[in-house]
Every structure is written in structure tokens, then in C-alpha cells.
$ cat final_35.cif   # mmCIF, C-alpha atoms and all ligand atoms
data_protein
loop_
_atom_site.label_atom_id
_atom_site.label_comp_id
_atom_site.auth_asym_id
_atom_site.auth_seq_id
_atom_site.Cartn_x
_atom_site.Cartn_y
_atom_site.Cartn_z
CA MET Y 1317 8.69 20.32 -9.90
CA SER Y 1318 5.34 19.88 -8.13
CA GLU Y 1319 4.45 22.11 -5.24
CA VAL Y 1320 3.75 20.59 -1.85
CA ARG Y 1321 0.19 21.00 -0.58
CA LEU Y 1322 0.24 18.91 2.61
CA GLN Y 1323 3.10 17.83 4.80
CA VAL Y 1324 2.27 14.96 7.13
CA LYS Y 1325 4.88 15.16 9.89
CA HIS Y 1326 5.50 12.50 12.52
CA VAL Y 1327 1.82 11.68 12.88
CA SER Y 1328 0.98 8.97 15.43
CA LYS Y 1329 -2.36 7.82 16.79
CA ASN Y 1330 -3.23 5.25 19.43
CA PHE Y 1331 -6.63 3.79 20.26
CA GLY Y 1332 -6.00 2.25 23.68
CA ILE Y 1333 -3.29 -0.31 23.04
CA THR Y 1334 -3.80 -0.22 19.25
CA LYS Y 1335 -1.09 1.80 17.53
CA ALA Y 1336 -3.08 2.84 14.46
CA LEU Y 1337 -0.35 5.18 13.10
CA LYS Y 1338 3.31 5.15 14.03
CA ASP Y 1339 5.33 8.29 13.30
CA VAL Y 1340 4.09 8.70 9.73
CA SER Y 1341 5.65 11.42 7.54
CA PHE Y 1342 5.19 12.12 3.82
CA ASN Y 1343 4.19 14.89 1.41
CA ILE Y 1344 1.18 15.32 -0.87
CA ASN Y 1345 1.39 17.71 -3.82
CA LYS Y 1346 -0.96 20.20 -5.41
CA GLY Y 1347 -2.75 19.17 -8.57
CA GLU Y 1348 -2.70 15.44 -7.99
CA VAL Y 1349 -4.90 12.51 -7.11
CA HIS Y 1350 -2.85 10.97 -4.32
CA ALA Y 1351 -3.93 7.47 -3.38
CA LEU Y 1352 -3.53 6.02 0.09
CA ILE Y 1353 -3.40 2.24 0.11
CA GLY Y 1354 -2.79 -0.54 2.61
CA GLU Y 1355 -4.53 -3.61 3.96
CA ASN Y 1356 -7.58 -3.30 6.19
CA GLY Y 1357 -6.58 -1.68 9.46
CA SER Y 1358 -3.35 -0.20 8.10
CA GLY Y 1359 -4.37 3.28 9.28
CA LYS Y 1360 -5.65 4.99 6.11
CA SER Y 1361 -8.96 6.23 7.54
CA THR Y 1362 -7.35 7.14 10.85
CA MET Y 1363 -5.02 9.44 8.91
CA THR Y 1364 -7.72 11.11 6.81
CA ASN Y 1365 -10.19 11.28 9.72
CA MET Y 1366 -7.64 13.29 11.69
CA LEU Y 1367 -6.98 15.55 8.71
CA THR Y 1368 -10.71 16.24 8.34
CA GLY Y 1369 -11.46 16.81 12.04
CA ILE Y 1370 -13.40 13.58 12.61
CA TYR Y 1371 -10.68 12.29 14.97
CA THR Y 1372 -8.39 14.45 17.07
CA LEU Y 1373 -4.76 14.75 16.11
CA GLU Y 1374 -2.69 14.14 19.23
CA SER Y 1375 0.84 13.66 18.03
CA GLY Y 1376 2.50 15.12 14.94
CA GLN Y 1377 1.51 17.87 12.51
CA PHE Y 1378 -0.41 18.54 9.34
CA ILE Y 1379 1.10 21.47 7.43
CA LEU Y 1380 -1.24 22.76 4.72
CA ASP Y 1381 0.30 25.24 2.26
CA GLY Y 1382 2.99 26.00 4.82
CA LYS Y 1383 0.65 26.56 7.77
CA GLU Y 1384 -0.17 24.11 10.55
CA VAL Y 1385 -3.82 23.04 10.60
CA HIS Y 1386 -5.58 21.34 13.48
CA PRO Y 1387 -9.30 21.07 12.69
CA LYS Y 1388 -11.44 19.98 15.66
CA ASN Y 1389 -14.47 19.10 13.53
CA GLN Y 1390 -15.55 18.91 9.90
CA VAL Y 1391 -16.81 22.49 9.77
CA GLU Y 1392 -13.39 23.74 10.92
CA ALA Y 1393 -11.76 21.46 8.35
CA ASN Y 1394 -13.94 23.01 5.62
CA GLU Y 1395 -12.82 26.45 6.77
CA GLU Y 1396 -9.21 25.34 6.28
CA GLY Y 1397 -10.12 24.11 2.78
CA ILE Y 1398 -10.40 20.39 3.55
CA SER Y 1399 -13.40 18.13 2.96
CA ILE Y 1400 -14.24 14.42 2.94
CA ILE Y 1401 -16.61 12.02 1.21
CA VAL Y 1402 -16.90 8.66 2.95
CA GLN Y 1403 -18.39 5.28 2.09
CA GLU Y 1404 -21.44 5.47 4.33
CA LEU Y 1405 -24.18 8.05 4.06
CA GLY Y 1406 -22.70 11.48 4.75
CA THR Y 1407 -25.96 13.42 4.57
CA LEU Y 1408 -28.39 13.97 7.45
CA SER Y 1409 -31.99 12.75 7.37
CA GLY Y 1410 -34.70 15.23 8.30
CA LEU Y 1411 -32.97 18.09 6.46
CA THR Y 1412 -33.43 19.38 2.94
CA VAL Y 1413 -30.88 18.98 0.18
CA ALA Y 1414 -29.79 22.62 0.56
CA GLU Y 1415 -29.56 22.34 4.36
CA ASN Y 1416 -27.25 19.37 3.88
CA ILE Y 1417 -25.05 21.14 1.36
CA PHE Y 1418 -24.59 24.17 3.62
CA LEU Y 1419 -24.61 22.36 6.99
CA GLY Y 1420 -22.45 24.34 9.41
CA HIS Y 1421 -22.06 27.14 6.86
CA GLU Y 1422 -25.58 28.66 7.02
CA ASP Y 1423 -24.26 32.02 8.30
CA GLN Y 1424 -23.96 33.34 4.77
CA PHE Y 1425 -27.75 33.12 4.43
CA VAL Y 1426 -28.63 34.66 7.81
CA HIS Y 1427 -29.53 38.33 7.96
CA LEU Y 1428 -30.60 40.04 11.20
CA GLY Y 1429 -30.97 36.64 12.81
CA ILE Y 1430 -33.27 35.26 10.14
CA LYS Y 1431 -32.27 32.50 7.75
CA ASN Y 1432 -33.16 33.29 4.15
CA THR Y 1433 -34.23 29.84 3.00
CA ALA Y 1434 -35.17 31.07 -0.46
CA ALA Y 1435 -31.67 32.46 -1.03
CA MET Y 1436 -30.11 29.23 0.27
CA ASN Y 1437 -32.27 27.09 -2.01
CA LYS Y 1438 -31.50 29.32 -4.97
CA LYS Y 1439 -27.76 29.01 -4.40
CA ALA Y 1440 -28.04 25.24 -3.93
CA ASN Y 1441 -30.10 24.83 -7.12
CA GLU Y 1442 -27.53 26.85 -9.06
CA LEU Y 1443 -24.78 24.60 -7.74
CA LEU Y 1444 -26.72 21.40 -8.50
CA GLN Y 1445 -27.32 22.63 -12.06
CA SER Y 1446 -23.67 23.56 -12.57
CA TYR Y 1447 -22.75 19.96 -11.69
CA GLY Y 1448 -25.40 18.62 -14.07
CA PHE Y 1449 -27.37 17.19 -11.13
CA ASP Y 1450 -30.60 18.94 -12.17
CA LYS Y 1451 -32.74 15.99 -11.10
CA ILE Y 1452 -31.99 16.91 -7.47
CA LYS Y 1453 -33.93 19.86 -6.04
CA ALA Y 1454 -32.60 22.02 -3.21
CA GLY Y 1455 -35.86 22.29 -1.29
CA ASP Y 1456 -36.64 18.57 -1.26
CA MET Y 1457 -36.05 16.48 1.85
CA ILE Y 1458 -32.82 14.52 1.43
CA ASP Y 1459 -34.79 11.42 2.53
CA ASP Y 1460 -36.68 11.56 -0.78
CA TYR Y 1461 -33.51 10.53 -2.62
CA ASN Y 1462 -31.80 7.18 -2.95
CA PHE Y 1463 -28.25 6.37 -1.85
CA GLU Y 1464 -26.62 7.26 -5.18
CA ASP Y 1465 -28.36 10.62 -5.44
CA ARG Y 1466 -27.47 11.42 -1.85
CA LYS Y 1467 -23.85 10.72 -2.78
CA LEU Y 1468 -24.18 13.29 -5.57
CA VAL Y 1469 -25.35 15.81 -2.96
CA GLU Y 1470 -22.28 14.89 -0.90
CA ILE Y 1471 -20.05 15.52 -3.90
CA VAL Y 1472 -21.50 19.03 -4.20
CA LYS Y 1473 -21.19 19.59 -0.44
CA ALA Y 1474 -17.54 18.49 -0.44
CA THR Y 1475 -16.40 20.38 -3.53
CA TYR Y 1476 -18.50 23.50 -4.19
CA PHE Y 1477 -16.19 25.76 -2.16
CA ASN Y 1478 -13.11 24.84 -4.20
CA PRO Y 1479 -11.32 23.10 -1.31
CA LYS Y 1480 -7.57 22.57 -1.29
CA ILE Y 1481 -7.93 18.91 -0.36
CA VAL Y 1482 -10.84 16.53 -0.90
CA VAL Y 1483 -10.62 13.11 0.76
CA VAL Y 1484 -12.50 10.26 -0.94
CA ASP Y 1485 -12.47 7.32 1.52
CA GLU Y 1486 -13.68 4.03 -0.01
CA THR Y 1487 -16.59 5.86 -1.58
CA THR Y 1488 -16.46 4.07 -4.92
CA THR Y 1489 -17.10 0.63 -3.37
CA ALA Y 1490 -20.71 1.53 -2.62
CA LEU Y 1491 -21.47 3.12 -5.99
CA SER Y 1492 -22.75 1.86 -9.32
CA GLN Y 1493 -20.52 2.31 -12.36
CA GLU Y 1494 -22.48 5.44 -13.25
CA GLY Y 1495 -22.00 6.88 -9.77
CA ARG Y 1496 -18.30 6.08 -9.93
CA GLU Y 1497 -17.87 7.82 -13.25
CA GLU Y 1498 -19.47 10.93 -11.80
CA LEU Y 1499 -17.14 10.83 -8.81
CA TYR Y 1500 -14.05 10.32 -11.04
CA LYS Y 1501 -15.14 13.29 -13.13
CA GLN Y 1502 -15.33 15.50 -10.05
CA MET Y 1503 -12.02 14.15 -8.69
CA ASN Y 1504 -10.36 15.10 -11.97
CA ARG Y 1505 -11.96 18.52 -11.81
CA VAL Y 1506 -10.49 19.10 -8.34
CA ARG Y 1507 -7.08 18.02 -9.64
CA ASP Y 1508 -7.30 20.11 -12.79
CA ASN Y 1509 -8.07 23.17 -10.63
CA GLY Y 1510 -4.66 22.65 -9.03
CA ASN Y 1511 -6.11 21.13 -5.88
CA THR Y 1512 -5.59 17.72 -4.32
CA VAL Y 1513 -7.62 14.55 -3.96
CA ILE Y 1514 -6.63 11.98 -1.36
CA PHE Y 1515 -8.13 8.80 -2.77
CA ILE Y 1516 -8.61 5.64 -0.69
CA SER Y 1517 -9.74 2.41 -2.32
CA HIS Y 1518 -8.89 -1.27 -2.02
CA ASP Y 1519 -9.46 -1.76 -5.76
CA LEU Y 1520 -5.87 -1.72 -7.06
CA PRO Y 1521 -6.72 -1.50 -10.79
CA GLU Y 1522 -8.89 1.50 -9.94
CA ILE Y 1523 -6.05 3.02 -7.90
CA LEU Y 1524 -3.59 2.56 -10.77
CA ASP Y 1525 -6.06 3.98 -13.27
CA LYS Y 1526 -7.28 7.02 -11.31
CA SER Y 1527 -4.34 8.20 -9.21
CA ASP Y 1528 -1.12 10.02 -10.06
CA THR Y 1529 0.78 9.11 -6.91
CA ILE Y 1530 0.40 6.34 -4.33
CA THR Y 1531 1.43 6.20 -0.68
CA ILE Y 1532 1.50 2.80 1.00
CA LEU Y 1533 0.84 2.21 4.70
CA ARG Y 1534 1.38 -1.12 6.44
CA ASP Y 1535 0.32 -1.70 10.08
CA GLY Y 1536 0.32 2.03 10.75
CA VAL Y 1537 3.82 2.47 9.30
CA TYR Y 1538 4.70 4.58 6.25
CA ILE Y 1539 6.27 2.36 3.58
CA ASP Y 1540 6.77 4.39 0.40
CA THR Y 1541 5.36 6.94 -2.05
CA VAL Y 1542 5.49 5.95 -5.74
CA LYS Y 1543 4.33 7.29 -9.09
CA SER Y 1544 1.33 5.29 -10.34
CA ALA Y 1545 2.88 5.12 -13.82
CA ASP Y 1546 5.99 3.39 -12.42
CA VAL Y 1547 4.29 0.43 -10.71
CA ASN Y 1548 1.90 -2.46 -11.38
CA GLU Y 1549 -0.56 -4.33 -9.20
CA ASP Y 1550 2.01 -6.90 -8.05
CA ASP Y 1551 4.41 -4.16 -6.97
CA LEU Y 1552 1.65 -2.59 -4.89
CA LYS Y 1553 0.63 -5.90 -3.29
CA LYS Y 1554 4.25 -6.53 -2.30
CA LEU Y 1555 4.54 -3.08 -0.77
CA MET Y 1556 1.25 -3.56 1.09
CA VAL Y 1557 2.04 -6.92 2.67
CA GLY Y 1558 5.82 -6.65 2.85
CA ARG Y 1559 6.68 -9.80 0.93
CA GLU Y 1560 6.28 -11.52 -2.42
CA VAL Y 1561 2.60 -12.34 -3.09
CA THR Y 1562 1.84 -15.55 -4.97
CA GLY Y 1563 -1.52 -16.60 -6.37
CA ASP Y 1564 -4.74 -15.45 -4.75
P1 LIG X 1601 -7.95 1.39 7.34
O1 LIG X 1601 -8.76 2.58 7.03
O2 LIG X 1601 -6.59 1.40 6.70
O3 LIG X 1601 -8.66 0.09 7.08
P2 LIG X 1601 -8.20 2.30 10.08
O4 LIG X 1601 -7.48 3.61 10.10
O5 LIG X 1601 -9.67 2.33 10.05
O6 LIG X 1601 -7.62 1.40 8.90
O7 LIG X 1601 -7.76 1.48 11.38
C1 LIG X 1601 -6.44 1.40 11.85
C2 LIG X 1601 -6.46 0.72 13.20
O8 LIG X 1601 -7.06 1.58 14.14
C3 LIG X 1601 -7.24 -0.58 13.22
O9 LIG X 1601 -6.60 -1.47 14.10
C4 LIG X 1601 -8.58 -0.14 13.76
O10 LIG X 1601 -9.23 -1.19 14.43
C5 LIG X 1601 -8.18 0.97 14.73
N1 LIG X 1601 -9.23 1.99 14.87
C6 LIG X 1601 -9.64 2.85 13.89
N2 LIG X 1601 -10.61 3.66 14.36
C7 LIG X 1601 -10.81 3.32 15.65
C8 LIG X 1601 -11.68 3.80 16.69
N3 LIG X 1601 -12.53 4.81 16.49
N4 LIG X 1601 -11.59 3.19 17.89
C9 LIG X 1601 -10.74 2.18 18.13
N5 LIG X 1601 -9.90 1.68 17.20
C10 LIG X 1601 -9.93 2.24 15.98
MG MG X 1602 -10.70 2.77 6.18
#
$ encode --input "final_35.cif" --output "C-alpha cells" --more "lines below"
Ligand code: ADP
Ligand code: MG
Amino acid sequence: MSEVRLQVKHVSKNFGITKALKDVSFNINKGEVHALIGENGSGKSTMTNMLTGIYTLESGQFILDGKEVHPKNQVEANEEGISIIVQELGTLSGLTVAENIFLGHEDQFVHLGIKNTAAMNKKANELLQSYGFDKIKAGDMIDDYNFEDRKLVEIVKATYFNPKIVVVDETTTALSQEGREELYKQMNRVRDNGNTVIFISHDLPEILDKSDTITILRDGVYIDTVKSADVNEDDLKKLMVGREVTGD
């Protein structure tokens, strides 16, 4: 029997008159890649943005390992053991690689009010090497790297602290096959450490291949949670749109 990591309880979210999520409840287990699928606008990102402190949770609860969490920003989410990698650039220009990795968590390198940049860079280089990303150097400006390499920095930033939950929201769409493979490898590592990946993608073959469990949302409503091994693409399409899907 799998252990529950996150309980989503009666979560609702409105943007003006748009009801993005309507009383959504389901569980996500430890040690799994849990996919979240649904058509555009079905509420996937709204859900994960609230979990990661990008949007404010107004109605409902997130219970992480038995304790309610309510992060007000991404740094607070990190402190609860939750991180996110999105589709767009998630690193900040004008900062170094190391400053990006430790953004909001620089305290560990400050002594008597002075930031020890050398220590921060050393730690970041050790991390980059442990991921096999040796081509990226901690002290370089992030702007010196292309989109794919900046995504590798984001992978380190989102996973180095062994988080309980890592959200991957449509990240694979923007990546080359090589970049995807690297991300899959790290997703599996998170899972194999007994932690949880929440994986959002609109590529159903990819979802079936890379996830263990799939939750379907439709128009902000929770539809079902299924085992990836028990369903095929047509089953998922039906669940997503709410009727038989014929042709393309
Ligand atoms: P998905 O990620 O499944 O494509 P979203 O969660 O982004 O869906 O969107 C769900 C609904 O909420 C959509 O109708 C979308 O337009 C709306 N929405 C999402 N974010 C915002 C926002 N910041 N402001 C206003 N409406 C939003
Ligand atoms: Mg989205």
C-alpha cells in the first residue's frame, strides 16, 4: 500500500467570474510520478501554482505528510519541501548561476552580514558536477547560457534539497530530446528517493510512458485518478473531454 504524500482537499479557485477549480479533492502518493492532465484551461497550472506559492490558496487545503501547508511564495514552498520547474525561463537574468540556484536561500552562505560568494560558488559547482552538468560554471552569469542549459540550472535549483514534491509543468514541450531525457532522469531520481513528481504535459504518449498515476481534470472539476498501466491514450482522451473521441 502506497503512502499518501499530498492530500488535495476541497480546493477551489476563482479568477473574477472564471471558476478555475471547483472543489477538487484527491491524493498523491510518495514515490510516484503523478501526472495531471486535462485540456487547456482545465485548471492544472492553477492547482500547482497554488501548491508552490505562485498563486494564493483561498479555499480548501493542501495537506503535506499530514500537515497543512500554505506557502505564500516560492521560497516558503521550498521550505516546506515543494519546488516547481515551469515551461518558461525560471532563472533570473543579471545573476550568476550560483545566485540563481540559491535564490532566496542565501542565508546559509552569510556570516556576520557578509555573503561568502566563494563558498556559494563552491557548493554550486559541487552540485552541478554531481548532476553531470560540468559544462555549467557557478560563477558565470546565467545570461551566458542558452535556454536548455538554463533549464539544467533550474533542475538543480528545484531538486538539490531533496524536496518532497517537485512540480514539472509543461517543461518538456520546450526542450530538445536530449534536454527531455535529462529531465526524465531527474524525475525518476526524485521518485526513486521516495519523493513525488507532479508531472504536467499535453503529450499523452509521454504521460503514459513516464508517469505511474494520472489524475484528470476537466473544466476545473476532478474527474478520476487512474494507474497509467491500466489505461491507453483513447481512455485518457475520453476522460479529458467527457465523451467518445473519434478521429483527429
Ligand atoms: P491549464 O494549466 O490546465 O491549461 P490553467 O490553470 O492555466 O489551466 O487555467 C484555468 C483557468 O483559469 C483558465 O480559464 C484560465 O484562463 C484561468 N486563469 C489561470 N490563471 C489565471 C490568472 N492569473 N488570471 C486570470 N485567469 C486565470
Ligand atoms: Mg498550464
$ residues_near_ligand --input "final_35.cif" --ligand "ligand LIG 1601 (chain X)" --cutoff "7 Å" --atoms "all atoms listed in the file" --output "list in words"
Phe1331, Thr1334, Lys1335, Ala1336, Gly1354, Glu1355, Asn1356, Gly1357, Ser1358, Gly1359, Lys1360, Ser1361, Thr1362, Met1363 and Gly1536 of chain Y
$ closest_residue --input "final_35.cif" --among "Y:Val1484, Y:Ile1516, Y:Leu1491, Y:Ile1530" --to "Y:Glu1464" --atoms "all atoms listed in the file"
Y:Leu1491
$ closest_residue --input "final_35.cif" --among "Y:Leu1411, Y:Gly1448, Y:Asn1365, Y:Gly1347" --to "ligand MG 1602 (chain X)" --atoms "all atoms listed in the file"
Y:Asn1365
$ closest_residue --input "final_35.cif" --among "Y:Glu1396, Y:Glu1384, Y:Glu1494, Y:Glu1522" --to "Y:Thr1368" --atoms "all atoms listed in the file"
Y:Glu1396
$ closest_residue --input "final_35.cif" --among "Y:Ser1399, Y:Gln1424, Y:Ser1375, Y:Ser1341" --to "Y:Val1537" --atoms "all atoms listed in the file"
Y:Ser1341
